[in-house]
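Colleague: Below is the file start-v4.cif, which contains mmCIF, C-alpha atoms and all ligand atoms.
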```cif
data_input
#
loop_
_atom_site.group_PDB
_atom_site.id
_atom_site.type_symbol
_atom_site.label_atom_id
_atom_site.label_comp_id
_atom_site.auth_asym_id
_atom_site.auth_seq_id
_atom_site.Cartn_x
_atom_site.Cartn_y
_atom_site.Cartn_z
ATOM 1 C CA MET A 1 215.961 -52.121 -42.114
ATOM 2 C CA ALA A 2 212.445 -50.731 -41.710
ATOM 3 C CA ALA A 3 211.376 -50.730 -38.060
ATOM 4 C CA ASP A 4 213.721 -53.610 -37.271
ATOM 5 C CA SER A 5 214.464 -53.121 -33.598
ATOM 6 C CA ALA A 6 217.770 -54.979 -33.896
ATOM 7 C CA VAL A 7 219.099 -52.121 -36.035
ATOM 8 C CA ALA A 8 219.780 -48.750 -34.425
ATOM 9 C CA LEU A 9 220.534 -45.447 -36.130
ATOM 10 C CA VAL A 10 223.377 -43.438 -34.577
ATOM 11 C CA VAL A 11 223.320 -39.756 -35.575
ATOM 12 C CA VAL A 12 226.748 -38.300 -34.838
ATOM 13 C CA ASP A 13 227.343 -34.701 -33.764
ATOM 14 C CA VAL A 14 224.806 -32.758 -35.841
ATOM 15 C CA GLN A 15 225.551 -29.649 -33.783
ATOM 16 C CA ASN A 16 225.694 -25.948 -34.635
ATOM 17 C CA ASP A 17 229.479 -25.701 -34.380
ATOM 18 C CA PHE A 18 229.909 -28.315 -37.129
ATOM 19 C CA LEU A 19 227.552 -26.537 -39.540
ATOM 20 C CA PRO A 20 228.441 -23.663 -41.909
ATOM 21 C CA GLY A 21 229.061 -20.577 -39.756
ATOM 22 C CA GLY A 22 230.035 -22.702 -36.764
ATOM 23 C CA ALA A 23 233.361 -22.829 -34.937
ATOM 24 C CA LEU A 24 234.480 -26.027 -36.701
ATOM 25 C CA ALA A 25 232.310 -26.048 -39.792
ATOM 26 C CA VAL A 26 232.257 -29.189 -41.886
ATOM 27 C CA PRO A 27 231.874 -28.264 -45.572
ATOM 28 C CA GLN A 28 228.202 -28.757 -46.527
ATOM 29 C CA GLY A 29 227.552 -30.097 -43.062
ATOM 30 C CA ASP A 30 224.003 -28.781 -43.169
ATOM 31 C CA ALA A 31 223.241 -30.959 -46.203
ATOM 32 C CA VAL A 32 222.990 -34.034 -43.981
ATOM 33 C CA ILE A 33 220.027 -32.709 -42.014
ATOM 34 C CA PRO A 34 217.144 -33.254 -44.476
ATOM 35 C CA VAL A 35 218.541 -36.682 -45.310
ATOM 36 C CA ILE A 36 218.734 -37.667 -41.642
ATOM 37 C CA ASN A 37 215.246 -36.277 -40.941
ATOM 38 C CA ARG A 38 213.887 -38.525 -43.697
ATOM 39 C CA ILE A 39 215.760 -41.751 -42.956
ATOM 40 C CA ALA A 40 215.437 -41.582 -39.159
ATOM 41 C CA ARG A 41 211.737 -42.391 -39.449
ATOM 42 C CA ARG A 42 212.658 -45.896 -40.565
ATOM 43 C CA TYR A 43 214.363 -46.706 -37.281
ATOM 44 C CA GLU A 44 212.674 -47.581 -34.032
ATOM 45 C CA GLN A 45 215.886 -47.081 -32.037
ATOM 46 C CA VAL A 46 217.798 -43.849 -32.579
ATOM 47 C CA VAL A 47 220.768 -42.426 -30.667
ATOM 48 C CA LEU A 48 221.974 -38.842 -31.077
ATOM 49 C CA THR A 49 225.501 -37.944 -30.031
ATOM 50 C CA GLN A 50 226.788 -34.564 -28.919
ATOM 51 C CA ASP A 51 230.414 -33.517 -28.743
ATOM 52 C CA TRP A 52 230.452 -31.909 -25.284
ATOM 53 C CA HIS A 53 233.701 -30.336 -24.144
ATOM 54 C CA PRO A 54 234.760 -28.341 -21.085
ATOM 55 C CA ALA A 55 235.953 -24.836 -22.075
ATOM 56 C CA ASP A 56 239.623 -25.820 -21.588
ATOM 57 C CA HIS A 57 239.485 -29.176 -23.354
ATOM 58 C CA VAL A 58 242.784 -30.796 -24.312
ATOM 59 C CA SER A 59 241.791 -30.988 -28.002
ATOM 60 C CA PHE A 60 241.578 -27.201 -28.298
ATOM 61 C CA ALA A 61 244.617 -25.525 -29.890
ATOM 62 C CA SER A 62 244.006 -22.642 -27.475
ATOM 63 C CA ARG A 63 245.161 -24.935 -24.633
ATOM 64 C CA HIS A 64 248.604 -25.366 -26.247
ATOM 65 C CA PRO A 65 250.717 -22.207 -26.568
ATOM 66 C CA GLY A 66 252.453 -21.963 -29.939
ATOM 67 C CA ARG A 67 250.123 -24.468 -31.581
ATOM 68 C CA ALA A 68 247.481 -23.801 -34.185
ATOM 69 C CA PRO A 69 244.235 -25.550 -35.085
ATOM 70 C CA PHE A 70 244.800 -28.676 -37.216
ATOM 71 C CA ASP A 71 248.337 -29.240 -35.837
ATOM 72 C CA THR A 72 248.947 -32.701 -34.437
ATOM 73 C CA ILE A 73 250.515 -33.161 -31.018
ATOM 74 C CA THR A 74 251.343 -36.192 -28.911
ATOM 75 C CA LEU A 75 249.369 -36.730 -25.718
ATOM 76 C CA PRO A 76 249.774 -39.566 -23.189
ATOM 77 C CA TYR A 77 247.264 -41.633 -25.181
ATOM 78 C CA GLY A 78 248.783 -40.908 -28.600
ATOM 79 C CA ALA A 79 248.420 -38.476 -31.489
ATOM 80 C CA GLN A 80 245.822 -35.748 -31.151
ATOM 81 C CA THR A 81 244.713 -33.314 -33.829
ATOM 82 C CA LEU A 82 244.139 -29.851 -32.391
ATOM 83 C CA TRP A 83 240.909 -28.047 -33.199
ATOM 84 C CA PRO A 84 239.450 -24.586 -32.839
ATOM 85 C CA ASP A 85 237.435 -24.302 -29.613
ATOM 86 C CA HIS A 86 234.133 -26.026 -30.378
ATOM 87 C CA CYS A 87 231.095 -27.629 -28.766
ATOM 88 C CA VAL A 88 231.728 -26.137 -25.339
ATOM 89 C CA GLN A 89 229.227 -27.514 -22.823
ATOM 90 C CA GLY A 90 226.030 -25.520 -22.618
ATOM 91 C CA THR A 91 226.810 -23.145 -25.490
ATOM 92 C CA ARG A 92 224.734 -22.471 -28.576
ATOM 93 C CA GLY A 93 227.493 -24.045 -30.673
ATOM 94 C CA ALA A 94 227.167 -27.309 -28.786
ATOM 95 C CA ALA A 95 223.396 -27.487 -29.233
ATOM 96 C CA LEU A 96 221.897 -29.939 -31.677
ATOM 97 C CA ALA A 97 221.011 -28.234 -34.962
ATOM 98 C CA ASP A 98 217.532 -26.698 -34.830
ATOM 99 C CA PRO A 99 216.382 -28.183 -38.161
ATOM 100 C CA LEU A 100 217.216 -31.701 -36.984
ATOM 101 C CA GLU A 101 213.859 -33.406 -36.489
ATOM 102 C CA VAL A 102 214.295 -36.735 -34.786
ATOM 103 C CA PRO A 103 211.799 -36.470 -31.924
ATOM 104 C CA HIS A 104 211.637 -40.218 -31.368
ATOM 105 C CA ALA A 105 215.371 -40.532 -30.570
ATOM 106 C CA GLN A 106 215.653 -42.147 -27.145
ATOM 107 C CA LEU A 107 219.225 -41.391 -26.135
ATOM 108 C CA ILE A 108 221.412 -38.309 -26.411
ATOM 109 C CA LEU A 109 224.940 -39.418 -25.671
ATOM 110 C CA ARG A 110 227.453 -36.730 -24.736
ATOM 111 C CA LYS A 111 231.120 -37.437 -25.344
ATOM 112 C CA GLY A 112 234.430 -35.642 -24.998
ATOM 113 C CA TRP A 113 233.556 -34.352 -21.544
ATOM 114 C CA HIS A 114 236.767 -35.580 -19.876
ATOM 115 C CA ARG A 115 239.056 -32.539 -19.849
ATOM 116 C CA GLU A 116 242.217 -34.452 -20.767
ATOM 117 C CA VAL A 117 240.827 -37.002 -23.232
ATOM 118 C CA ASP A 118 239.114 -36.470 -26.582
ATOM 119 C CA SER A 119 236.416 -38.802 -27.877
ATOM 120 C CA TYR A 120 235.664 -39.009 -31.584
ATOM 121 C CA SER A 121 233.972 -42.354 -31.005
ATOM 122 C CA ALA A 122 230.585 -42.704 -29.352
ATOM 123 C CA PHE A 123 231.794 -45.998 -27.817
ATOM 124 C CA LEU A 124 235.378 -45.498 -26.589
ATOM 125 C CA GLU A 125 237.282 -42.354 -25.684
ATOM 126 C CA ALA A 126 240.589 -41.549 -27.395
ATOM 127 C CA ASP A 127 242.582 -43.316 -24.676
ATOM 128 C CA ARG A 128 241.005 -46.422 -26.247
ATOM 129 C CA ALA A 129 240.127 -47.696 -22.782
ATOM 130 C CA THR A 130 237.372 -45.532 -21.283
ATOM 131 C CA ARG A 131 233.938 -46.713 -22.399
ATOM 132 C CA THR A 132 231.037 -44.305 -22.821
ATOM 133 C CA GLY A 133 228.543 -47.062 -22.009
ATOM 134 C CA LEU A 134 226.900 -47.019 -25.454
ATOM 135 C CA ASP A 135 227.869 -50.632 -26.128
ATOM 136 C CA GLY A 136 226.014 -51.761 -23.006
ATOM 137 C CA TRP A 137 222.983 -49.601 -23.783
ATOM 138 C CA LEU A 138 222.679 -51.049 -27.280
ATOM 139 C CA THR A 139 223.282 -54.621 -26.182
ATOM 140 C CA ALA A 140 220.699 -54.370 -23.391
ATOM 141 C CA ARG A 141 218.132 -53.326 -25.987
ATOM 142 C CA GLY A 142 218.865 -56.188 -28.377
ATOM 143 C CA VAL A 143 220.640 -54.101 -30.999
ATOM 144 C CA GLN A 144 222.898 -56.136 -33.261
ATOM 145 C CA GLU A 145 223.577 -53.635 -36.016
ATOM 146 C CA VAL A 146 224.133 -49.890 -36.161
ATOM 147 C CA HIS A 147 223.781 -47.505 -39.072
ATOM 148 C CA VAL A 148 225.932 -44.438 -38.544
ATOM 149 C CA CYS A 149 225.469 -40.987 -40.094
ATOM 150 C CA GLY A 150 226.289 -37.361 -39.302
ATOM 151 C CA LEU A 151 229.500 -35.359 -38.921
ATOM 152 C CA ALA A 152 232.262 -35.743 -39.727
ATOM 153 C CA THR A 153 232.729 -38.828 -41.892
ATOM 154 C CA ASP A 154 236.499 -39.015 -41.408
ATOM 155 C CA PHE A 155 236.562 -38.432 -37.645
ATOM 156 C CA CYS A 156 233.594 -39.095 -35.364
ATOM 157 C CA VAL A 157 231.571 -41.161 -37.853
ATOM 158 C CA LEU A 158 234.640 -43.229 -38.744
ATOM 159 C CA TRP A 159 235.691 -43.922 -35.156
ATOM 160 C CA THR A 160 232.127 -44.703 -34.087
ATOM 161 C CA ALA A 161 231.606 -47.194 -36.915
ATOM 162 C CA LEU A 162 234.978 -48.884 -36.295
ATOM 163 C CA ASP A 163 234.225 -49.220 -32.602
ATOM 164 C CA ALA A 164 230.788 -50.680 -33.310
ATOM 165 C CA ARG A 165 232.641 -53.489 -35.088
ATOM 166 C CA ARG A 166 235.052 -53.752 -32.142
ATOM 167 C CA PHE A 167 232.078 -54.357 -29.845
ATOM 168 C CA GLY A 168 230.737 -57.099 -32.097
ATOM 169 C CA LEU A 169 227.991 -55.169 -33.855
ATOM 170 C CA ARG A 170 227.372 -55.135 -37.571
ATOM 171 C CA ALA A 171 227.905 -51.630 -38.876
ATOM 172 C CA ALA A 172 227.127 -49.519 -41.904
ATOM 173 C CA VAL A 173 227.615 -45.862 -42.766
ATOM 174 C CA ILE A 174 224.922 -44.007 -44.694
ATOM 175 C CA GLU A 175 226.990 -42.008 -47.144
ATOM 176 C CA PRO A 176 224.510 -39.286 -48.245
ATOM 177 C CA ALA A 177 223.803 -38.556 -44.577
ATOM 178 C CA CYS A 178 227.490 -37.773 -43.809
ATOM 179 C CA ARG A 179 229.993 -35.097 -44.718
ATOM 180 C CA GLY A 180 233.754 -35.062 -44.068
ATOM 181 C CA ILE A 181 236.385 -32.547 -43.000
ATOM 182 C CA ASP A 182 239.123 -34.094 -45.212
ATOM 183 C CA LEU A 183 242.422 -33.073 -43.632
ATOM 184 C CA GLY A 184 245.280 -34.229 -45.869
ATOM 185 C CA GLY A 185 243.364 -37.045 -47.540
ATOM 186 C CA SER A 186 241.660 -38.249 -44.369
ATOM 187 C CA LEU A 187 238.306 -38.761 -46.085
ATOM 188 C CA ALA A 188 239.551 -41.279 -48.659
ATOM 189 C CA ARG A 189 241.550 -43.077 -45.963
ATOM 190 C CA ALA A 190 238.450 -43.256 -43.785
ATOM 191 C CA TRP A 191 236.399 -45.020 -46.465
ATOM 192 C CA GLU A 192 239.275 -47.461 -47.092
ATOM 193 C CA GLU A 193 239.608 -48.211 -43.410
ATOM 194 C CA MET A 194 235.870 -48.754 -43.023
ATOM 195 C CA ALA A 195 235.811 -51.105 -46.030
ATOM 196 C CA ARG A 196 238.631 -53.159 -44.504
ATOM 197 C CA ALA A 197 236.694 -53.382 -41.227
ATOM 198 C CA GLY A 198 233.643 -54.785 -42.994
ATOM 199 C CA ILE A 199 231.545 -51.649 -42.641
ATOM 200 C CA ALA A 200 228.920 -51.371 -45.357
ATOM 201 C CA ARG A 201 228.509 -48.114 -47.299
ATOM 202 C CA LEU A 202 224.803 -47.474 -47.767
ATOM 203 C CA ALA A 203 222.887 -45.083 -49.971
ATOM 204 C CA ALA A 204 220.000 -43.312 -48.273
HETATM 205 ZN ZN ZN B 1 235.371 -32.226 -30.281
#
```
Would you encode the structure as structure tokens?
Modeller:
Amino acid sequence: MAADSAVALVVVDVQNDFLPGGALAVPQGDAVIPVINRIARRYEQVVLTQDWHPADHVSFASRHPGRAPFDTITLPYGAQTLWPDHCVQGTRGAALADPLEVPHAQLILRKGWHREVDSYSAFLEADRATRTGLDGWLTARGVQEVHVCGLATDFCVLWTALDARRFGLRAAVIEPACRGIDLGGSLARAWEEMARAGIARLAA
């Protein structure tokens, strides 16, 4: 994969709120940072994503009286897990982690900015219809394969890798550069689902 411009690295949501001490901390989320800093140098094309919500985003439990974080509700587009308020636009929690050192990344893609629609995937919002434009950006640059890493394995990494396949790209997930949230077995299910979709599981 070294410096092969047909392979892009997608670094998902390495933001303060997903790190220990953050509003929606992923266990050991900070452990991915040195791994990503090392492997990112191998890729000419790098995309960083940022979860980027309005303060009253539909995925926040605080928007739904009587509901608590990690409950699941039904929205017009389907099931939605509710989360603590996190990654609110322009806040410190939404900022990329300071120790992340990927200065050559060319695109920072912000997702989840529609008030009434969540977006785990960097390609398609949770209504499964609204495109972020990432597929077109990658295709225009000759990318045929993406390697996905970051947070969290069983949500935004999973959905991003599955959608890469949906848009006809080869896809792999770099396991040591990811950490999961694991709600009710979601991490094991995520790896199974990715295997079924033909997504490779790479060591760093
Ligand atoms: Zn979010």
Colleague: Neighbours of ligand ZN 1 (chain B) at 8 Å or closer, counting all atoms listed in the file: which residues, as a list in words?
Modeller: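 Checking all atoms listed in the file against ligand ZN 1 (chain B) at 8 Å gives Asp51, Trp52, His53, Ser59, Trp83, His86, Cys87, Gly112, Asp118, Ser119 and Tyr120 of chain A.
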Colleague: Can those selected residues be exported to a file as an mmCIF file, keeping the file's coordinate frame so that it contains C-alpha atoms?
Modeller:
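So the final result, stored in selection-v5.cif, reads:
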```
data_model
loop_
_atom_site.group_PDB
_atom_site.id
_atom_site.type_symbol
_atom_site.label_atom_id
_atom_site.label_comp_id
_atom_site.auth_asym_id
_atom_site.auth_seq_id
_atom_site.Cartn_x
_atom_site.Cartn_y
_atom_site.Cartn_z
ATOM 1 C CA ASP A 51 230.414 -33.517 -28.743
ATOM 2 C CA TRP A 52 230.452 -31.909 -25.284
ATOM 3 C CA HIS A 53 233.701 -30.336 -24.144
ATOM 4 C CA SER A 59 241.791 -30.988 -28.002
ATOM 5 C CA TRP A 83 240.909 -28.047 -33.199
ATOM 6 C CA HIS A 86 234.133 -26.026 -30.378
ATOM 7 C CA CYS A 87 231.095 -27.629 -28.766
ATOM 8 C CA GLY A 112 234.430 -35.642 -24.998
ATOM 9 C CA ASP A 118 239.114 -36.470 -26.582
ATOM 10 C CA SER A 119 236.416 -38.802 -27.877
ATOM 11 C CA TYR A 120 235.664 -39.009 -31.584
#
```
Colleague: Work out how far apart CA of Trp159 in chain A and CA of Trp191 in chain A are and give it in Å to one decimal.
Modeller: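 Distance reported for this atom pair: 11.4 Å.
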Colleague: I'd like the residues picked by the PyMOL selection byres (((chain A and resi 168) around 12) and not hetatm) written out as an NGL selection string, using the chain letters and numbers from the file.
Modeller: :A and (123 or 135-136 or 138-139 or 143-146 or 161-167 or 169-171 or 197-199)
Colleague: Hey, which of A:Ala94, A:Val173, A:Leu100, A:Ala122 ends up closest to Ala55 in chain A? Count only C-alpha atoms.
Modeller: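 For Ala55 in chain A, the nearest of the candidates is A:Ala94.
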Colleague: If you count all atoms listed in the file, which residues fall within 8 Å of Pro176 in chain A, apart from same-chain ones fewer than 4 positions away, as a compact mmCIF listing (two decimals) with C-alpha atoms, in the frame of the given file?
Modeller:
```txt
# COMPACT_ATOMS: atom_id res chain seq x y z
CA VAL A 32 222.99 -34.03 -43.98
CA VAL A 35 218.54 -36.68 -45.31
CA ALA A 203 222.89 -45.08 -49.97
CA ALA A 204 220.00 -43.31 -48.27
```
Colleague: Rank nothing, just name the residue among A:Ile36, A:Ala25, A:Leu202, A:Leu48 nearest to Gln106 in chain A, using all atoms listed in the file.
Modeller: A:Leu48
Colleague: State, in Å with one decimal place, the distance from CA of His114 in chain A to CA of Val12 in chain A.
Modeller: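 Distance between the two atoms: 18.2 Å.
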